[in-house]
file my_file.txt (compact mmCIF, C-alpha atoms and all ligand atoms)
# COMPACT_ATOMS: atom_id res chain seq x y z
CA MET A 913 4.24 27.92 -9.61
CA PRO A 914 4.15 24.40 -8.04
CA GLN A 915 4.26 21.44 -10.43
CA SER A 916 2.00 18.39 -10.27
CA TYR A 917 3.63 15.23 -8.84
CA ALA A 918 2.75 11.67 -7.83
CA LEU A 919 4.25 10.67 -4.47
CA VAL A 920 5.00 6.94 -4.24
CA THR A 921 6.24 5.42 -0.97
CA GLY A 922 8.13 2.14 -1.00
CA ALA A 923 9.23 2.82 -4.57
CA SER A 924 12.60 1.04 -4.28
CA ALA A 925 11.10 -2.41 -5.01
CA GLY A 926 8.04 -4.46 -5.93
CA LEU A 927 4.67 -2.79 -6.30
CA GLY A 928 6.10 0.67 -5.57
CA SER A 929 8.58 0.48 -8.47
CA GLU A 930 5.76 -0.70 -10.72
CA PHE A 931 3.50 2.17 -9.59
CA ALA A 932 6.35 4.55 -10.45
CA ARG A 933 6.73 2.99 -13.91
CA GLN A 934 3.00 3.02 -14.77
CA LEU A 935 2.45 6.56 -13.46
CA ALA A 936 5.51 7.83 -15.36
CA ALA A 937 4.08 6.18 -18.47
CA LYS A 938 0.95 8.31 -17.92
CA GLY A 939 3.20 11.38 -18.03
CA LEU A 940 3.18 12.11 -14.31
CA ASN A 941 6.18 13.60 -12.51
CA LEU A 942 7.27 11.49 -9.54
CA LEU A 943 8.58 11.81 -6.01
CA LEU A 944 9.93 8.40 -4.98
CA VAL A 945 10.37 7.63 -1.27
CA ALA A 946 11.97 4.67 0.53
CA ARG A 947 15.07 3.98 2.63
CA ARG A 948 17.35 2.59 -0.13
CA GLU A 949 18.23 5.77 -1.98
CA ASP A 950 20.61 4.07 -4.44
CA ARG A 951 17.71 2.04 -5.82
CA LEU A 952 15.44 5.10 -5.97
CA LYS A 953 18.06 7.07 -7.89
CA ALA A 954 18.63 4.24 -10.38
CA LEU A 955 14.87 3.98 -10.99
CA ALA A 956 14.58 7.77 -11.27
CA ASP A 957 17.30 7.86 -13.97
CA THR A 958 15.62 5.07 -15.94
CA LEU A 959 12.11 6.54 -15.77
CA SER A 960 13.09 10.13 -16.49
CA GLN A 961 15.04 9.00 -19.58
CA GLU A 962 12.34 6.61 -20.78
CA PHE A 963 9.28 8.83 -20.23
CA GLY A 964 10.69 12.38 -20.13
CA VAL A 965 9.14 13.17 -16.73
CA SER A 966 10.75 14.79 -13.69
CA VAL A 967 11.60 12.18 -11.03
CA LYS A 968 12.81 13.26 -7.58
CA THR A 969 13.91 10.96 -4.78
CA LEU A 970 13.86 11.25 -1.01
CA ALA A 971 15.37 8.76 1.43
CA ALA A 972 13.03 8.42 4.40
CA ASP A 973 12.26 5.74 6.97
CA LEU A 974 8.49 5.68 7.37
CA SER A 975 8.73 3.73 10.61
CA GLN A 976 10.10 6.96 12.13
CA SER A 977 7.43 9.39 13.29
CA ASN A 978 9.07 12.48 11.69
CA ALA A 979 9.06 11.03 8.14
CA PRO A 980 5.67 12.36 6.88
CA LEU A 981 6.56 15.91 7.98
CA GLN A 982 9.99 15.51 6.32
CA ILE A 983 8.23 14.50 3.07
CA GLN A 984 5.82 17.45 3.21
CA GLN A 985 8.68 19.87 3.86
CA PHE A 986 10.61 18.42 0.90
CA CYS A 987 7.55 19.02 -1.31
CA ASP A 988 7.09 22.58 -0.04
CA ASP A 989 10.79 23.42 -0.42
CA ASN A 990 10.92 22.04 -3.99
CA GLY A 991 7.55 23.35 -5.23
CA LEU A 992 5.96 19.91 -5.66
CA GLN A 993 2.17 19.76 -5.69
CA VAL A 994 1.10 16.23 -4.72
CA ASP A 995 -1.92 15.29 -6.86
CA TRP A 996 -1.39 11.53 -6.61
CA LEU A 997 -0.50 9.88 -3.28
CA ILE A 998 0.43 6.19 -3.34
CA ASN A 999 0.87 4.89 0.22
CA ASN A 1000 2.55 1.61 -0.67
CA ALA A 1001 5.52 0.98 1.67
CA GLY A 1002 5.01 -2.06 3.88
CA ILE A 1003 6.48 -5.18 5.46
CA ALA A 1004 5.20 -8.44 6.90
CA GLY A 1005 5.92 -7.43 10.48
CA PRO A 1006 6.16 -9.10 13.89
CA ASP A 1007 3.63 -11.33 15.65
CA LEU A 1008 1.71 -9.21 18.18
CA LEU A 1009 1.77 -11.79 20.95
CA THR A 1010 4.94 -13.82 20.50
CA ASP A 1011 7.40 -11.11 19.37
CA ARG A 1012 8.07 -9.34 22.66
CA ASP A 1013 9.91 -6.21 21.52
CA TRP A 1014 7.35 -3.37 21.81
CA HIS A 1015 9.59 -0.91 19.96
CA GLU A 1016 9.57 -3.23 16.96
CA GLN A 1017 5.75 -3.44 17.17
CA GLN A 1018 5.47 0.34 17.43
CA ALA A 1019 7.74 0.89 14.42
CA PHE A 1020 5.59 -1.58 12.46
CA PHE A 1021 2.34 0.27 13.24
CA GLN A 1022 4.03 3.60 12.52
CA LEU A 1023 4.99 2.35 9.05
CA MET A 1024 1.77 0.50 8.24
CA MET A 1025 -0.87 2.82 9.69
CA LEU A 1026 0.31 6.11 11.21
CA SER A 1027 2.56 7.16 8.32
CA VAL A 1028 -0.31 6.48 5.90
CA VAL A 1029 -2.93 8.39 7.86
CA GLU A 1030 -0.50 11.29 8.46
CA LEU A 1031 0.34 11.56 4.75
CA CYS A 1032 -3.42 11.61 4.02
CA HIS A 1033 -3.84 14.27 6.71
CA ARG A 1034 -1.05 16.38 5.19
CA PHE A 1035 -1.91 16.10 1.47
CA VAL A 1036 -5.63 15.33 1.01
CA PRO A 1037 -7.07 18.69 2.21
CA ALA A 1038 -5.07 20.58 -0.44
CA MET A 1039 -6.22 18.09 -3.11
CA ALA A 1040 -9.85 18.69 -2.09
CA ALA A 1041 -9.32 22.47 -2.16
CA ARG A 1042 -7.89 22.21 -5.71
CA GLY A 1043 -10.72 19.86 -6.77
CA PHE A 1044 -8.51 16.97 -7.88
CA GLY A 1045 -6.64 14.14 -6.20
CA ARG A 1046 -5.97 10.42 -6.43
CA VAL A 1047 -4.99 8.40 -3.35
CA ILE A 1048 -4.19 4.68 -3.30
CA ASN A 1049 -3.57 3.07 0.07
CA VAL A 1050 -2.03 -0.35 -0.50
CA ALA A 1051 -3.85 -2.75 1.83
CA SER A 1052 -4.26 -6.50 1.25
CA VAL A 1053 -6.82 -9.29 1.05
CA ALA A 1054 -5.39 -10.08 4.51
CA GLY A 1055 -7.36 -7.06 5.72
CA ARG A 1056 -10.64 -8.49 4.41
CA ILE A 1057 -11.00 -11.38 6.84
CA PRO A 1058 -9.76 -12.02 10.38
CA ARG A 1059 -7.76 -15.22 10.90
CA SER A 1060 -6.05 -16.60 13.98
CA GLY A 1061 -2.35 -15.82 14.32
CA GLY A 1062 -0.29 -12.68 13.77
CA CYS A 1063 -2.93 -10.16 14.93
CA ASN A 1064 -0.86 -7.43 13.36
CA TYR A 1065 -0.50 -7.34 9.54
CA GLY A 1066 -4.16 -8.15 8.77
CA PRO A 1067 -5.59 -5.63 11.27
CA SER A 1068 -3.23 -2.90 10.02
CA LYS A 1069 -4.50 -3.49 6.47
CA ALA A 1070 -8.14 -3.61 7.67
CA TYR A 1071 -7.57 -0.13 9.11
CA LEU A 1072 -6.33 1.14 5.73
CA ILE A 1073 -9.45 -0.25 4.05
CA ALA A 1074 -11.74 1.47 6.60
CA LEU A 1075 -9.75 4.71 6.30
CA SER A 1076 -9.89 4.68 2.50
CA GLU A 1077 -13.62 3.97 2.38
CA GLU A 1078 -14.38 6.81 4.76
CA LEU A 1079 -12.02 9.26 3.04
CA ASN A 1080 -13.55 8.36 -0.31
CA LEU A 1081 -17.03 9.12 1.04
CA THR A 1082 -15.78 12.39 2.53
CA VAL A 1083 -13.81 13.92 -0.36
CA GLY A 1084 -15.06 11.93 -3.38
CA GLY A 1085 -17.53 14.74 -4.14
CA GLN A 1086 -14.63 17.22 -4.27
CA GLY A 1087 -12.77 15.40 -7.05
CA VAL A 1088 -10.53 13.32 -4.78
CA ASN A 1089 -10.82 9.56 -5.31
CA VAL A 1090 -9.43 7.37 -2.55
CA SER A 1091 -8.99 3.61 -2.96
CA ALA A 1092 -7.71 0.79 -0.79
CA LEU A 1093 -5.88 -1.64 -3.03
CA CYS A 1094 -6.26 -5.23 -1.85
CA PRO A 1095 -3.82 -7.52 -3.64
CA GLY A 1096 -3.54 -11.22 -2.98
CA PHE A 1097 -0.20 -13.01 -3.30
CA THR A 1098 1.98 -10.94 -5.63
CA HIS A 1099 5.47 -11.56 -7.03
CA THR A 1100 7.66 -8.91 -5.35
CA ASP A 1101 10.50 -8.93 -2.77
CA PHE A 1102 7.95 -9.01 0.06
CA HIS A 1103 8.13 -12.71 0.99
CA GLN A 1104 11.89 -12.95 0.60
CA THR A 1105 12.34 -9.90 2.88
CA ALA A 1106 10.06 -11.55 5.44
CA GLY A 1107 12.03 -14.82 5.32
CA LEU A 1108 9.07 -16.58 3.66
CA SER A 1109 10.78 -17.77 0.45
CA ASP A 1110 10.22 -21.45 1.37
CA MET A 1111 6.52 -20.84 2.00
CA LYS A 1112 6.27 -19.12 -1.39
CA ALA A 1113 8.10 -21.95 -3.15
CA GLY A 1114 5.61 -24.45 -1.71
CA MET A 1115 2.51 -22.63 -2.94
CA PRO A 1116 0.71 -23.21 -6.25
CA GLY A 1117 1.57 -20.68 -8.95
CA TRP A 1118 -2.07 -19.87 -9.75
CA LEU A 1119 -2.42 -18.04 -6.41
CA TRP A 1120 0.16 -15.48 -7.53
CA TYR A 1121 -0.19 -12.36 -9.66
CA GLY A 1122 2.42 -10.10 -11.24
CA ALA A 1123 2.98 -6.56 -9.96
CA GLU A 1124 2.05 -5.16 -13.40
CA THR A 1125 -1.50 -6.58 -13.21
CA VAL A 1126 -2.00 -5.43 -9.61
CA VAL A 1127 -0.86 -1.86 -10.28
CA ASN A 1128 -2.90 -1.66 -13.48
CA ASP A 1129 -6.01 -2.75 -11.53
CA ALA A 1130 -5.23 -0.16 -8.84
CA ILE A 1131 -4.89 2.77 -11.23
CA ARG A 1132 -8.05 1.82 -13.12
CA GLY A 1133 -9.87 1.37 -9.80
CA VAL A 1134 -8.93 4.76 -8.37
CA GLU A 1135 -9.73 6.50 -11.66
CA GLY A 1136 -13.14 4.81 -11.50
CA GLY A 1137 -13.69 6.08 -7.93
CA ARG A 1138 -13.81 2.60 -6.39
CA PRO A 1139 -13.16 2.71 -2.61
CA VAL A 1140 -11.92 -0.89 -2.45
CA VAL A 1141 -10.02 -2.47 -5.35
CA LEU A 1142 -9.66 -6.24 -5.22
CA SER A 1143 -6.91 -7.13 -7.63
CA GLY A 1144 -6.94 -10.27 -9.76
CA ARG A 1145 -9.91 -12.35 -10.89
CA LEU A 1146 -9.24 -15.05 -8.26
CA TYR A 1147 -9.31 -12.60 -5.37
CA ARG A 1148 -12.35 -10.75 -6.73
CA TRP A 1149 -14.11 -14.12 -6.75
CA LEU A 1150 -12.92 -15.05 -3.25
CA ASP A 1151 -13.76 -11.73 -1.60
CA PRO A 1152 -17.54 -12.29 -1.28
CA LEU A 1153 -16.69 -15.60 0.42
CA PHE A 1154 -14.36 -13.77 2.82
CA GLN A 1155 -17.18 -11.34 3.66
CA SER A 1156 -19.76 -14.08 4.27
CA VAL A 1157 -20.82 -14.81 7.86
CA TRP A 1158 -20.40 -18.52 7.09
CA THR A 1159 -16.70 -18.16 6.23
CA ARG A 1160 -16.16 -16.13 9.38
CA ARG A 1161 -17.95 -18.78 11.41
CA PHE A 1162 -15.77 -21.46 9.77
CA PHE A 1163 -12.59 -19.59 10.79
CA ARG A 1164 -13.96 -19.26 14.37
CA ILE A 1165 -14.68 -22.97 14.63
CA LYS A 1166 -11.29 -23.84 13.10
CA ALA A 1167 -9.51 -21.61 15.64
CA ARG A 1168 -11.42 -23.06 18.63
CA PRO A 1169 -12.07 -26.75 18.09
CA GLU A 1170 -14.59 -28.05 20.66
N1 LIG B 1201 3.63 -8.99 -2.27
C1 LIG B 1201 2.45 -9.39 -1.80
O1 LIG B 1201 2.08 -10.59 -1.88
C2 LIG B 1201 1.52 -8.38 -1.18
C3 LIG B 1201 0.18 -8.74 -1.00
C4 LIG B 1201 -0.69 -7.84 -0.44
C5 LIG B 1201 -0.25 -6.57 -0.08
N2 LIG B 1201 1.06 -6.23 -0.25
C6 LIG B 1201 1.48 -4.89 0.17
O2 LIG B 1201 2.10 -4.23 -0.93
C7 LIG B 1201 2.95 -3.19 -0.44
C8 LIG B 1201 4.27 -3.22 -1.20
O3 LIG B 1201 4.95 -4.42 -0.88
P1 LIG B 1201 5.72 -5.28 -1.97
O4 LIG B 1201 5.00 -6.55 -2.12
O5 LIG B 1201 6.00 -4.45 -3.16
O6 LIG B 1201 7.06 -5.60 -1.15
P2 LIG B 1201 8.59 -5.27 -1.44
O7 LIG B 1201 8.97 -5.66 -2.83
O8 LIG B 1201 9.33 -5.88 -0.30
O9 LIG B 1201 8.66 -3.67 -1.33
C9 LIG B 1201 8.42 -3.03 -0.10
C10 LIG B 1201 8.75 -1.55 -0.24
O10 LIG B 1201 8.46 -0.91 1.02
C11 LIG B 1201 9.58 -0.13 1.39
N3 LIG B 1201 9.70 -0.02 2.85
C12 LIG B 1201 9.74 -1.04 3.75
N4 LIG B 1201 9.94 -0.55 4.98
C13 LIG B 1201 10.06 0.81 4.84
C14 LIG B 1201 10.31 1.88 5.75
N5 LIG B 1201 10.49 1.65 7.07
N6 LIG B 1201 10.35 3.15 5.28
C15 LIG B 1201 10.19 3.39 3.95
N7 LIG B 1201 9.96 2.43 3.04
C16 LIG B 1201 9.90 1.15 3.48
C17 LIG B 1201 10.79 -0.86 0.79
O11 LIG B 1201 11.86 0.06 0.58
P3 LIG B 1201 13.21 0.16 1.45
O12 LIG B 1201 13.51 -1.20 1.99
O13 LIG B 1201 14.20 0.68 0.46
O14 LIG B 1201 12.89 1.17 2.52
C18 LIG B 1201 10.22 -1.32 -0.55
O15 LIG B 1201 10.34 -0.28 -1.49
C19 LIG B 1201 3.07 -3.42 1.06
O16 LIG B 1201 2.28 -2.47 1.75
C20 LIG B 1201 2.53 -4.83 1.26
O17 LIG B 1201 1.99 -5.00 2.55
C21 LIG B 1201 1.96 -7.11 -0.80
call {"tool": "encode", "arguments": {"input": "my_file.txt", "output": "C-alpha cells"}}
result
Amino acid sequence: MPQSYALVTGASAGLGSEFARQLAAKGLNLLLVARREDRLKALADTLSQEFGVSVKTLAADLSQSNAPLQIQQFCDDNGLQVDWLINNAGIAGPDLLTDRDWHEQQAFFQLMMLSVVELCHRFVPAMAARGFGRVINVASVAGRIPRSGGCNYGPSKAYLIALSEELNLTVGGQGVNVSALCPGFTHTDFHQTAGLSDMKAGMPGWLWYGAETVVNDAIRGVEGGRPVVLSGRLYRWLDPLFQSVWTRRFFRIKARPE
C-alpha cells in the first residue's frame, strides 16, 4: 500500500528547506530532491527525529532532462504516493542575449520550466484520480511584470504563473489545488549563489522577507485554493501596481527614452 508523501525540489537550501520543515511539522512524510545529497541527508535526519515522519532523499539535477522520470521511478520503486508537489528548485540564470552559451540557456529553461511542467504531468493526473492534491510552483514577483534586461528569469516565472492558474482551473474541482507562489526578495542563498551579495547588501532591509513567512503564506494559499499567492504585505500591495497598464507604460517609456 503506497504511503502519502510531499515531494520538495530544491530542498537543500533556502525556501525548499523551509517547505520541508513546515510540511514535516504538519505530519507529512517527505521526499527531498536536490543535487547536494549531503545537505538533504542532514536535513532528513533532523526532520525525521524532530517530527517523527519518514524523510527520503534523492540526488537529482533538474537541469538534466531525465530527472523528472528518475524521480517518478524512485517514487514507484519505493511505494511513495505524491500528494503534495512543491516545485521549488531554481537559480537566477544567464542573460538571454549577452550570455552566448546556448547549452547553459537550455539547462536553465529545463530547470525552471520543463522540469516543473513534467513533474506536474507525471504526478497531477494521479492526484486528480484520487481526489486530493496540493501543488505549489515557486514563481516570483519577477514573473508579474516585464522589465528590460535578462529576458530569462522573469519570463520563466511568468510561465509558471500561467501554468499554475490553468492547472488550478482544470483540476481544482477534483480536489487538487495548484498555486503559483510569488515571493519578493527573500533571505535565502539565492543571491549569494548568483554572485549578487553586493546588490543585496545595498538594498533596504524592508524589501526583504524571511523564508518562514513566505512558506507559511504559500501553504495557507494552496490550502485556500488560491491560484496565485503573493507573499508578504509589501508585495501584495505592489502587485496591483505591477498589473496596471500605467506601470507597464512607465516601464516601456523608461526602456525606450525618446
Ligand atoms: N530568494 C529570493 O529572493 C526569491 C524570490 C523569488 C523567487 N525565488 C525562487 O525561490 C526558489 C527557491 O530559491 P531560494 O531563494 O530558496 O534559493 P537557494 O537558497 O539558492 O536554494 C535553491 C535550491 O534550488 C536547488 N537547485 C538549484 N539548481 C538545481 C538543479 N539543477 N537541480 C536540482 N536542484 C537545484 C538548490 O539545491 P542544489 O544546489 O543542492 O542542487 C537549492 O536547494 C527558486 O525557484 C527561486 O527562483 C527566490
call {"tool": "closest_residue", "arguments": {"input": "my_file.txt", "among": "A:Ala972, A:Ala1106, A:Leu1142, A:Leu1008", "to": "Ile1073 in chain A", "atoms": "only C-alpha atoms"}}
result
A:Leu1142
call {"tool": "residues_near_ligand", "arguments": {"input": "my_file.txt", "ligand": "ligand LIG 1201 (chain B)", "cutoff": "8 Å", "atoms": "only C-alpha atoms and all ligand atoms", "output": "ChimeraX atom specification"}}
result
/A:921-929,945-949,951-952,971-976,999-1004,1019-1020,1023-1024,1050-1054,1065,1069,1094-1105,1120,1123
call {"tool": "write_last_selection", "arguments": {"input": "my_file.txt", "atoms": "C-alpha atoms", "output": "tab-separated table (two decimals), keeping the file's coordinate frame"}}
result
chain	number	residue	atom	x	y	z
A	921	THR	CA	6.24	5.42	-0.97
A	922	GLY	CA	8.13	2.14	-1.00
A	923	ALA	CA	9.23	2.82	-4.57
A	924	SER	CA	12.60	1.04	-4.28
A	925	ALA	CA	11.10	-2.41	-5.01
A	926	GLY	CA	8.04	-4.46	-5.93
A	927	LEU	CA	4.67	-2.79	-6.30
A	928	GLY	CA	6.10	0.67	-5.57
A	929	SER	CA	8.58	0.48	-8.47
A	945	VAL	CA	10.37	7.63	-1.27
A	946	ALA	CA	11.97	4.67	0.53
A	947	ARG	CA	15.07	3.98	2.63
A	948	ARG	CA	17.35	2.59	-0.13
A	949	GLU	CA	18.23	5.77	-1.98
A	951	ARG	CA	17.71	2.04	-5.82
A	952	LEU	CA	15.44	5.10	-5.97
A	971	ALA	CA	15.37	8.76	1.43
A	972	ALA	CA	13.03	8.42	4.40
A	973	ASP	CA	12.26	5.74	6.97
A	974	LEU	CA	8.49	5.68	7.37
A	975	SER	CA	8.73	3.73	10.61
A	976	GLN	CA	10.10	6.96	12.13
A	999	ASN	CA	0.87	4.89	0.22
A	1000	ASN	CA	2.55	1.61	-0.67
A	1001	ALA	CA	5.52	0.98	1.67
A	1002	GLY	CA	5.01	-2.06	3.88
A	1003	ILE	CA	6.48	-5.18	5.46
A	1004	ALA	CA	5.20	-8.44	6.90
A	1019	ALA	CA	7.74	0.89	14.42
A	1020	PHE	CA	5.59	-1.58	12.46
A	1023	LEU	CA	4.99	2.35	9.05
A	1024	MET	CA	1.77	0.50	8.24
A	1050	VAL	CA	-2.03	-0.35	-0.50
A	1051	ALA	CA	-3.85	-2.75	1.83
A	1052	SER	CA	-4.26	-6.50	1.25
A	1053	VAL	CA	-6.82	-9.29	1.05
A	1054	ALA	CA	-5.39	-10.08	4.51
A	1065	TYR	CA	-0.50	-7.34	9.54
A	1069	LYS	CA	-4.50	-3.49	6.47
A	1094	CYS	CA	-6.26	-5.23	-1.85
A	1095	PRO	CA	-3.82	-7.52	-3.64
A	1096	GLY	CA	-3.54	-11.22	-2.98
A	1097	PHE	CA	-0.20	-13.01	-3.30
A	1098	THR	CA	1.98	-10.94	-5.63
A	1099	HIS	CA	5.47	-11.56	-7.03
A	1100	THR	CA	7.66	-8.91	-5.35
A	1101	ASP	CA	10.50	-8.93	-2.77
A	1102	PHE	CA	7.95	-9.01	0.06
A	1103	HIS	CA	8.13	-12.71	0.99
A	1104	GLN	CA	11.89	-12.95	0.60
A	1105	THR	CA	12.34	-9.90	2.88
A	1120	TRP	CA	0.16	-15.48	-7.53
A	1123	ALA	CA	2.98	-6.56	-9.96
call {"tool": "atom_distance", "arguments": {"input": "my_file.txt", "atom1": "CA of Val1083 in chain A", "atom2": "CA of Leu997 in chain A"}}
result
14.2 Å
call {"tool": "atom_distance", "arguments": {"input": "my_file.txt", "atom1": "CA of Glu1124 in chain A", "atom2": "CA of Ser960 in chain A"}}
result
19.1 Å
call {"tool": "closest_atom_pairs", "arguments": {"input": "my_file.txt", "of": "range 1046-1106 of chain A", "to": "range 1157-1160 of chain A", "cutoff": "10 Å", "atoms": "only C-alpha atoms", "output": "JSON lines"}}
result
{"residue": "A:Ile1057", "atom": "CA", "partner": "A:Arg1160", "partner_atom": "CA", "distance": 7.5}
{"residue": "A:Pro1058", "atom": "CA", "partner": "A:Arg1160", "partner_atom": "CA", "distance": 7.7}
{"residue": "A:Arg1059", "atom": "CA", "partner": "A:Arg1160", "partner_atom": "CA", "distance": 8.6}
call {"tool": "atom_distance", "arguments": {"input": "my_file.txt", "atom1": "CA of Asp988 in chain A", "atom2": "CA of Ala1074 in chain A"}}
result
29.1 Å
call {"tool": "axis_aligned_box", "arguments": {"input": "my_file.txt", "around": "range 1153-1170 of chain A", "padding_each_side": "3 Å", "output": "lines of an AutoDock Vina configuration file"}}
result
center_x = -15.2
center_y = -19.7
center_z = 10.5
size_x = 17.3
size_y = 22.7
size_z = 26.2
call {"tool": "decode", "arguments": {"input": "my_file.txt", "residues": "range 924-937 of chain A", "atoms": "N, CA and C atoms", "output": "PDB file, in the first residue's frame"}}
result
ATOM      1  N   SER A 924      17.635  21.456  -0.468  1.00  0.00           N
ATOM      2  CA  SER A 924      18.930  21.504   0.237  1.00  0.00           C
ATOM      3  C   SER A 924      19.249  22.889   0.792  1.00  0.00           C
ATOM      4  N   ALA A 925      18.422  23.881   0.520  1.00  0.00           N
ATOM      5  CA  ALA A 925      18.702  25.250   0.993  1.00  0.00           C
ATOM      6  C   ALA A 925      17.418  26.072   0.963  1.00  0.00           C
ATOM      7  N   GLY A 926      17.513  27.267   1.541  1.00  0.00           N
ATOM      8  CA  GLY A 926      16.503  28.323   1.373  1.00  0.00           C
ATOM      9  C   GLY A 926      15.058  27.922   1.554  1.00  0.00           C
ATOM     10  N   LEU A 927      14.237  28.342   0.604  1.00  0.00           N
ATOM     11  CA  LEU A 927      12.787  28.105   0.700  1.00  0.00           C
ATOM     12  C   LEU A 927      12.473  26.612   0.726  1.00  0.00           C
ATOM     13  N   GLY A 928      13.228  25.811  -0.025  1.00  0.00           N
ATOM     14  CA  GLY A 928      12.962  24.371  -0.073  1.00  0.00           C
ATOM     15  C   GLY A 928      13.143  23.719   1.287  1.00  0.00           C
ATOM     16  N   SER A 929      14.222  24.076   1.998  1.00  0.00           N
ATOM     17  CA  SER A 929      14.437  23.525   3.346  1.00  0.00           C
ATOM     18  C   SER A 929      13.296  23.940   4.276  1.00  0.00           C
ATOM     19  N   GLU A 930      12.845  25.177   4.112  1.00  0.00           N
ATOM     20  CA  GLU A 930      11.763  25.678   4.963  1.00  0.00           C
ATOM     21  C   GLU A 930      10.439  24.986   4.628  1.00  0.00           C
ATOM     22  N   PHE A 931      10.185  24.741   3.330  1.00  0.00           N
ATOM     23  CA  PHE A 931       8.999  23.952   2.961  1.00  0.00           C
ATOM     24  C   PHE A 931       9.059  22.589   3.652  1.00  0.00           C
ATOM     25  N   ALA A 932      10.239  21.955   3.584  1.00  0.00           N
ATOM     26  CA  ALA A 932      10.390  20.634   4.201  1.00  0.00           C
ATOM     27  C   ALA A 932      10.048  20.708   5.689  1.00  0.00           C
ATOM     28  N   ARG A 933      10.583  21.711   6.360  1.00  0.00           N
ATOM     29  CA  ARG A 933      10.363  21.857   7.806  1.00  0.00           C
ATOM     30  C   ARG A 933       8.878  22.049   8.123  1.00  0.00           C
ATOM     31  N   GLN A 934       8.218  22.980   7.392  1.00  0.00           N
ATOM     32  CA  GLN A 934       6.811  23.280   7.719  1.00  0.00           C
ATOM     33  C   GLN A 934       5.883  22.120   7.335  1.00  0.00           C
ATOM     34  N   LEU A 935       6.212  21.404   6.269  1.00  0.00           N
ATOM     35  CA  LEU A 935       5.359  20.263   5.888  1.00  0.00           C
ATOM     36  C   LEU A 935       5.570  19.099   6.850  1.00  0.00           C
ATOM     37  N   ALA A 936       6.814  18.900   7.307  1.00  0.00           N
ATOM     38  CA  ALA A 936       7.074  17.865   8.313  1.00  0.00           C
ATOM     39  C   ALA A 936       6.323  18.187   9.599  1.00  0.00           C
ATOM     40  N   ALA A 937       6.288  19.475   9.943  1.00  0.00           N
ATOM     41  CA  ALA A 937       5.569  19.889  11.155  1.00  0.00           C
ATOM     42  C   ALA A 937       4.076  19.619  11.043  1.00  0.00           C
TER      43      ALA A 937
END
